[in-house]
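Asker: Here's a structure for you.
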There are 2 protein chains.
Amino acid sequence: MTTSWPRPVGHAGTGTRPDDLRRANRAAVLRTLHLRGATTRAVLGRTLQLNRSTIKSVVDELASDGLVTETVPVDHPGAGRPSMVVRPQPCSVWVVTVYVAVGWLTVAAVGLGGEVLFRRGAGPVRADVDPVELVERIAEIVPGLVREVGTPPAAMGVALPGLVRAGDGTVRRAPNLGWRDVPLQALLTARTGMEVLVANEADLGALAEHVRGCARHIDDLVYLLVDVGVGGGVISGGVSLTGAGGYAGEIGHMILRRDGRVCRCGSRGCWETEVGELALLRAVGMSEQSSRPALRRRLAQLRTGTEPRPDGLDDYARWLAVGLGNLVNMLDPGTVVFGGVLADALPLVVDDVRAHLRRACLVAREVDLVSAAPSGLGSSGPLIGAAETVFASVLDRC
Amino acid sequence: MTTSWPRPVGHAGTGTRPDDLRRANRAAVLRTLHLRGATTRAVLGRTLQLNRSTIKSVVDELASDGLVTETVPVDHPGAGRPSMVVRPQPCSVWVVTVYVAVGWLTVAAVGLGGEVLFRRGAGPVRADVDPVELVERIAEIVPGLVREVGTPPAAMGVALPGLVRAGDGTVRRAPNLGWRDVPLQALLTARTGMEVLVANEADLGALAEHVRGCARHIDDLVYLLVDVGVGGGVISGGVSLTGAGGYAGEIGHMILRRDGRVCRCGSRGCWETEVGELALLRAVGMSEQSSRPALRRRLAQLRTGTEPRPDGLDDYARWLAVGLGNLVNMLDPGTVVFGGVLADALPLVVDDVRAHLRRACLVAREVDLVSAAPSGLGSSGPLIGAAETVFASVLDRC
DNA sequence: GGCTATAAGTACACCCGTTAAACTAACTCT
DNA sequence: AGAGTTAGTTTAACGGGTGTACTTATAGCC
C-alpha cells in the first residue's frame, strides 16, 4: 500500500494478497467520499493516484451495491468533458451513535458522508442509573431509527463520561453515572445484536474536532473538555491516543499543587480543582451553585467588554497555562482545542494564557490555541466522534 | 493490505497498485527477518499469511539481491521435510548511527537484523562544540566503516540530547551542546551525501527498548531517561509519539510545584528539579559535585541493603510518583521504563512509588514499572533506536 | 531396511486487479 | 464550425498471489 503514515517499527505486519487490493481501493474511495463529500471521478483518480479505468471499475461496483450514485455535474470550470460526480448515499451505510451525557441521553443516526440523519433526545439520565435500564432505553429507540432510514445500521458507537477499557468496552469507572465495571459493550451487543464500540466522550470529542470540527487536517492536537470535570482527548499523528488500556486523556487529575484543594477523585491539587467549572465560577465571581446556563450568560456578557474583567480570571489563566504547559511539553500538540464552558471563557483569558506559556514552556512558543465553540460541533462532538470511529472500521468492510 | 493498526480516521489515504503488493510483501519478509532473526520459510509463510509459492518467490528474489541466504536447518523438531532457514545478511543493508551524548561521540554501523557491526568511540564532545566541526568528525569516521562492512550504507540516524524539529532535522535547542537552530540534518547530508535522520535521544531510547530492549512487544510505554536532565520518550500504539513539531516528550519540565527550585530551563518547580541527577544525589546524601560513577557505586551499595536506606529517598520516591501519576493519567502507558541513573535507583524506590501511585492516581493501578537496566541496551539505547527508526523506512525500499 | 505419515519445496496453470492505449464523448474557446 | 482539452469506455496486456499436483526430506514404526 502506498500510504505514508508512521508504521509501527516493532512489528512486521502480515503479507498482502491480490484481493486486498480491491478491498483497499474500495475503502479508499468510500473514505474519500465520506470525508470530502461528493467528488468527481477525476478528482478521485488524482487524489488516490489510481487510473481512470480503476476508478470506473470501483465506482461502478459501489453504485451497483447502492453505496453511491453518479450524476452529471451542474456546472464545472474549464474546458474538457465534465467528470461525473460520485455522491455517497447517506442511507446506504449508517451507524447508531449514543451520547450518555451527564443528565441527558441522545441517540442519533449518522450516515455515510457524516451527516446526522436523525436525532432523538431520550430524556434525562439520573446519577446511579441502572445500566440495564439504560441499555433498554437505547435499544427501544433503535427500531424507530431503522424505520426512518430504511436500512439496517452497520454498527453502534457510544460516548460517555468515564474510563472505558478499550479491549472490551467495559466502563471501569464513571463517577457521574455512578458506575463501576459495567460491561456496557457486551450488554448492548447482547440486547441489540449489533457490533458496539464504547469510548470516552472527550476522546471522541477530540476525534470529532479533528475530522469534522475546527481542527480539520490538523494531525496533532489536544482537546480540553471542561464540563463538570476536566477531560481530555489527544490526537497524535492523526490517530487517537488511547493508551494501553484505553484510559489515556485523564488530564483533569494532573496534580499541580500539593497544597491545593481536595478533588472529587480524592487527591489534592488536581488541575480540575483550578480550572474546572467550579473554579471558573469562582473566577468570575459567581456562587458555586450557579447553573451552567447562568455561567454561559455571564461569560457572554464579559466577552462584550462592557464590564470590568474580574480579577479572579488572572489566577484562572495562570493555572490554565501551567497545566497546558505541562501538556504541551509532553505531547507537543501544535494545537489545543477548548470545549465545554471553557470554549466560552477562552477569549477572556487567551492572551494571558499565551503570555504565560511563552514564558514558562520550552515547547509552547509555537502552540496554537483554538476554541471549539465556533466549530459548530459543540456538544454533539462526542456523538460525531463516535460515528467517525465506528465508520473508520466499517468502511473497510463495505 | 491486511495489517490492523489503527489507521488515521481523518485521512482517506491513497489507492493501492499491483506492484505495491510485491513491495509490501518484500518489505514484510525483510522486516520479519530484521526483527526475529533467521526464520524458516514455513514460519514466514504462516506469520505473514502468504502462500508457500509466494514466500519462495520473494525469498528467491531477496537471495539473488544478496539480502538473505538460505541454509538447511541443523536440527528441527517433528516429522516432515525440514524447512529452509532464511538468514538476513547483516552487511547487505546497514545504516550509520551516531550518538552525540553529553561528553562523548559514538558512531556505529548497524546491519540488517539489528546487530551492531562496528562501533567507534570518537572522543569527547565539549559543550559549545561547533556543529560544522562535529559534522566533520562524523564524516571522517564513515569511510572506515564502509571499508570494514564492504558495502555503502543505506542511511544515517543521529541521536542527541535536544529538541529536534521532525520536519527537517533541525536542532532547535540543545542546551548541553550549547546549540540553537542548527540544521544538523542538512549539514550532514551536504557533507556525506547520505540520507540523514536526526531525533531526540530519549525518543530513540524509548523506541530501542520497545524494539530490542526490555519492552519488546509492549506497544504502549513511557521511557524515562534521567541523566543530567530528565528526558522522556513515548511509544503509543506501537508508534513513537513525536507531536506536531517533533518536540514531544519534554517531561522533565513538567511544572509540579510553584514554590520549587529554579530549573536550568528558567522555570521553577520542574519535575527535573525533584527527580533529576542532582535531586538523586541529595536524596542519597551525596554532594552535588559527585561524579556519576560515584553515584552509581553508591546506589549499587544501597541496593545490597547492608546500609540503612537514606531518608531522602522517601521524598524522592514521592516526587517521582507525582510526576509519574500525571504521565500515567495522561497517557495510560501500561509500562514505564526507567533509563539512565534512575535504572540503578529504581529498586530502592519502586515499592514506595507503586504505593503512592495506587493511592493518588486513577489510572495508575494497572501500571507496570520496568527498569531498563537489565535490558542490556543501557547507554546504547539511543544508538539502536536511531538504527531502528532508519531501518523502518529503509526496509520499505530494499 | 522398507513402509507410512507428515511437512515442505517446486513448477505451472489460473485468477484477479490494475494499467496503458486507442477510441469516443462532452465541453470551452476562438 | 473547428481546434483544443478533458474525461468516459473498452480491451488486451501485465504482474502478482494462489491452488494443485508432484517431488523431496525427515520421523516413527515394524
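All residue names refer to the C-alpha cells as shown: chains lettered A, B, ... in order, residues numbered from 1 in each chain, ligands numbered from 1 in order.
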Quick one: which residues from chain C are at most 9 Å off chain A, using only C-alpha atoms (C1' of nucleotides), as number ranges by chain?
Answerer: C: 16-19, 25-29
Asker: Generate the output file for the selected residues, C-alpha atoms (C1' of nucleotides), as a short mmCIF file (atom, residue, chain, number, x, y, z; two decimals), in the first residue's frame.
Answerer:
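After the write, part_12.cif holds the following:
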```cif
data_model
loop_
_atom_site.label_atom_id
_atom_site.label_comp_id
_atom_site.auth_asym_id
_atom_site.auth_seq_id
_atom_site.Cartn_x
_atom_site.Cartn_y
_atom_site.Cartn_z
"C1'" DC C 16 -7.87 -11.31 -10.39
"C1'" DG C 17 -6.99 -6.39 -10.32
"C1'" DT C 18 -4.64 -2.52 -12.29
"C1'" DT C 19 -2.89 -0.29 -16.29
"C1'" DA C 25 -17.92 11.78 -25.85
"C1'" DA C 26 -18.67 16.31 -23.92
"C1'" DC C 27 -17.48 20.81 -23.13
"C1'" DT C 28 -14.81 25.69 -23.97
"C1'" DC C 29 -12.79 28.99 -26.73
#
```
Asker: Please give the complete set of residues from region 59-115 of chain B that DSSP, run on the backbone, assigns to helix (DSSP H, G or I), formatted as a list in words.
Answerer: Val59, Asp60, Glu61, Leu62, Ala63 and Ser64 of chain B
Asker: For chain D, which residues have at least one atom within 7 Å of chain B, if we go by only C-alpha atoms (C1' of nucleotides)? Write them as a PyMOL selection string, please.
Answerer: chain D and resi 15-18+25-27
Asker: Mind giving me the straight-line distance from CA of Gly66 (chain B) to CA of Val149 (chain B) in Å, one decimal?
Answerer: 14.1 Å
Asker: Select, from A:Val284, A:Val275, A:Leu331, A:Val171, the residue with the minimum atom-to-atom distance to chain B, counting only C-alpha atoms.
Answerer: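 Smallest distance to chain B is found for A:Leu331.
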Asker: Please run DSSP on the backbone and report, as a VMD selection string, all residues within region 84-178 of chain A that come out as strand (DSSP E).
Answerer: chain A and resid 85 to 88 94 to 101 104 to 111 116 to 124 155 to 160 163 to 165 170 to 174
Asker: Could you name the residues that touch Gly231 (chain A) at 6 Å or less, counting only C-alpha atoms (C1' of nucleotides), but leaving out those on the same chain fewer than 2 positions away, as a compact mmCIF listing (two decimals) with C-alpha atoms, in the first residue's frame?
Answerer:
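Wrote selection.txt, looks like this:
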```txt
# COMPACT_ATOMS: atom_id res chain seq x y z
CA ALA A 202 -13.52 13.57 25.45
CA LEU A 225 -13.22 19.50 27.65
CA GLU A 250 -7.41 11.85 32.15
CA GLY A 252 -8.08 16.75 34.76
```
Asker: Write out as a CSV table (one decimal) with C-alpha atoms (C1' of nucleotides), in the first residue's frame each polymer residue whose atoms come within 12 Å of DA13 (chain C), counting only C-alpha atoms (C1' of nucleotides); drop sequence neighbours fewer than 4 positions from it.
Answerer:
```csv
chain,number,residue,atom,x,y,z
D,18,DT,C1',-2.9,-19.0,-5.2
D,19,DG,C1',-4.2,-23.8,-5.7
D,20,DT,C1',-2.9,-28.2,-7.4
D,21,DA,C1',-0.1,-31.8,-8.4
```
Asker: Do a neighbour search on DC29 (chain D) at 12 Å with only C-alpha atoms (C1' of nucleotides), toss out local chain neighbours closer than 5 positions, and write the hits as a ChimeraX atom specification.
Answerer: /C:2-5
Asker: For the residues selected in the previous step, produce a file with N, CA and C atoms (P, O5', C5', C4', C3', O3' and C1' of nucleotides) as a short mmCIF file (atom, residue, chain, number, x, y, z; two decimals), in the first residue's frame.
Answerer:
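Saved as part.cif:
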```cif
data_model
loop_
_atom_site.label_atom_id
_atom_site.label_comp_id
_atom_site.auth_asym_id
_atom_site.auth_seq_id
_atom_site.Cartn_x
_atom_site.Cartn_y
_atom_site.Cartn_z
P DG C 2 15.45 -51.77 1.26
"O5'" DG C 2 13.92 -51.69 1.64
"C5'" DG C 2 13.24 -52.88 2.11
"C4'" DG C 2 11.90 -52.48 2.69
"C3'" DG C 2 11.12 -51.46 1.83
"O3'" DG C 2 9.76 -51.82 1.86
"C1'" DG C 2 11.38 -50.62 4.00
P DC C 3 8.77 -51.33 0.72
"O5'" DC C 3 7.55 -50.76 1.55
"C5'" DC C 3 6.97 -51.56 2.60
"C4'" DC C 3 6.33 -50.64 3.61
"C3'" DC C 3 5.51 -49.51 2.99
"O3'" DC C 3 4.14 -49.67 3.28
"C1'" DC C 3 6.89 -48.72 4.78
P DT C 4 3.06 -48.65 2.63
"O5'" DT C 4 2.84 -47.58 3.78
"C5'" DT C 4 2.62 -48.02 5.12
"C4'" DT C 4 2.53 -46.82 6.04
"C3'" DT C 4 1.72 -45.64 5.47
"O3'" DT C 4 0.83 -45.16 6.46
"C1'" DT C 4 3.87 -44.90 6.16
P DA C 5 -0.33 -44.10 6.08
"O5'" DA C 5 0.09 -42.85 6.95
"C5'" DA C 5 0.62 -43.05 8.26
"C4'" DA C 5 1.26 -41.77 8.75
"C3'" DA C 5 0.53 -40.49 8.31
"O3'" DA C 5 0.41 -39.61 9.42
"C1'" DA C 5 2.81 -40.37 7.69
#
```
Asker: Mind giving me the straight-line distance from CA of Leu346 (chain B) to CA of Gly114 (chain B) in Å, one decimal?
Answerer: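 Spanning CA of Leu346 (chain B) to CA of Gly114 (chain B) is a straight-line distance of 28.1 Å.
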Asker: Give me, as a PyMOL selection string, all polymer residues having an atom no more than 12 Å from Gly111 (chain A), counting only C-alpha atoms (C1' of nucleotides) and skipping those fewer than 6 positions away in the same chain.
Answerer: chain A and resi 33-35+37+67+88-97+117-119+145-146+149-156+384+387-388+390-391+394-395
Asker: Just to be explicit: take each residue in the selection above, keep C-alpha atoms, and write the result as an mmCIF file, in the first residue's frame.
Answerer:
```cif
data_model
loop_
_atom_site.group_PDB
_atom_site.id
_atom_site.type_symbol
_atom_site.label_atom_id
_atom_site.label_comp_id
_atom_site.auth_asym_id
_atom_site.auth_seq_id
_atom_site.Cartn_x
_atom_site.Cartn_y
_atom_site.Cartn_z
ATOM 1 C CA LEU A 33 -16.376 10.333 -0.258
ATOM 2 C CA HIS A 34 -17.188 10.070 3.426
ATOM 3 C CA LEU A 35 -14.686 12.762 4.363
ATOM 4 C CA GLY A 37 -18.485 14.551 0.269
ATOM 5 C CA LEU A 67 -23.485 2.915 -1.815
ATOM 6 C CA PRO A 88 -22.222 8.979 -1.239
ATOM 7 C CA GLN A 89 -25.670 7.688 -0.309
ATOM 8 C CA PRO A 90 -26.182 8.612 3.351
ATOM 9 C CA CYS A 91 -28.786 5.942 3.987
ATOM 10 C CA SER A 92 -26.861 3.091 2.394
ATOM 11 C CA VAL A 93 -24.382 2.754 5.247
ATOM 12 C CA TRP A 94 -25.119 4.327 8.603
ATOM 13 C CA VAL A 95 -24.346 3.921 12.257
ATOM 14 C CA VAL A 96 -26.198 4.426 15.503
ATOM 15 C CA THR A 97 -24.443 6.791 17.887
ATOM 16 C CA LEU A 117 -29.773 11.814 9.635
ATOM 17 C CA PHE A 118 -31.988 11.677 12.693
ATOM 18 C CA ARG A 119 -31.553 12.589 16.313
ATOM 19 C CA LEU A 145 -34.337 4.962 13.513
ATOM 20 C CA VAL A 146 -34.177 1.853 11.343
ATOM 21 C CA VAL A 149 -33.596 5.327 7.459
ATOM 22 C CA GLY A 150 -34.935 2.233 5.776
ATOM 23 C CA THR A 151 -31.863 0.045 6.077
ATOM 24 C CA PRO A 152 -30.230 -1.763 8.989
ATOM 25 C CA PRO A 153 -27.341 0.045 10.717
ATOM 26 C CA ALA A 154 -23.764 -1.141 10.338
ATOM 27 C CA ALA A 155 -22.741 -0.711 13.964
ATOM 28 C CA MET A 156 -23.181 1.384 17.099
ATOM 29 C CA ILE A 384 -19.914 12.684 15.877
ATOM 30 C CA ALA A 387 -19.772 7.882 14.484
ATOM 31 C CA GLU A 388 -16.419 8.573 12.858
ATOM 32 C CA VAL A 390 -17.171 3.372 14.016
ATOM 33 C CA PHE A 391 -17.110 4.390 10.348
ATOM 34 C CA VAL A 394 -16.947 -0.115 8.984
ATOM 35 C CA LEU A 395 -15.775 1.422 5.715
#
```
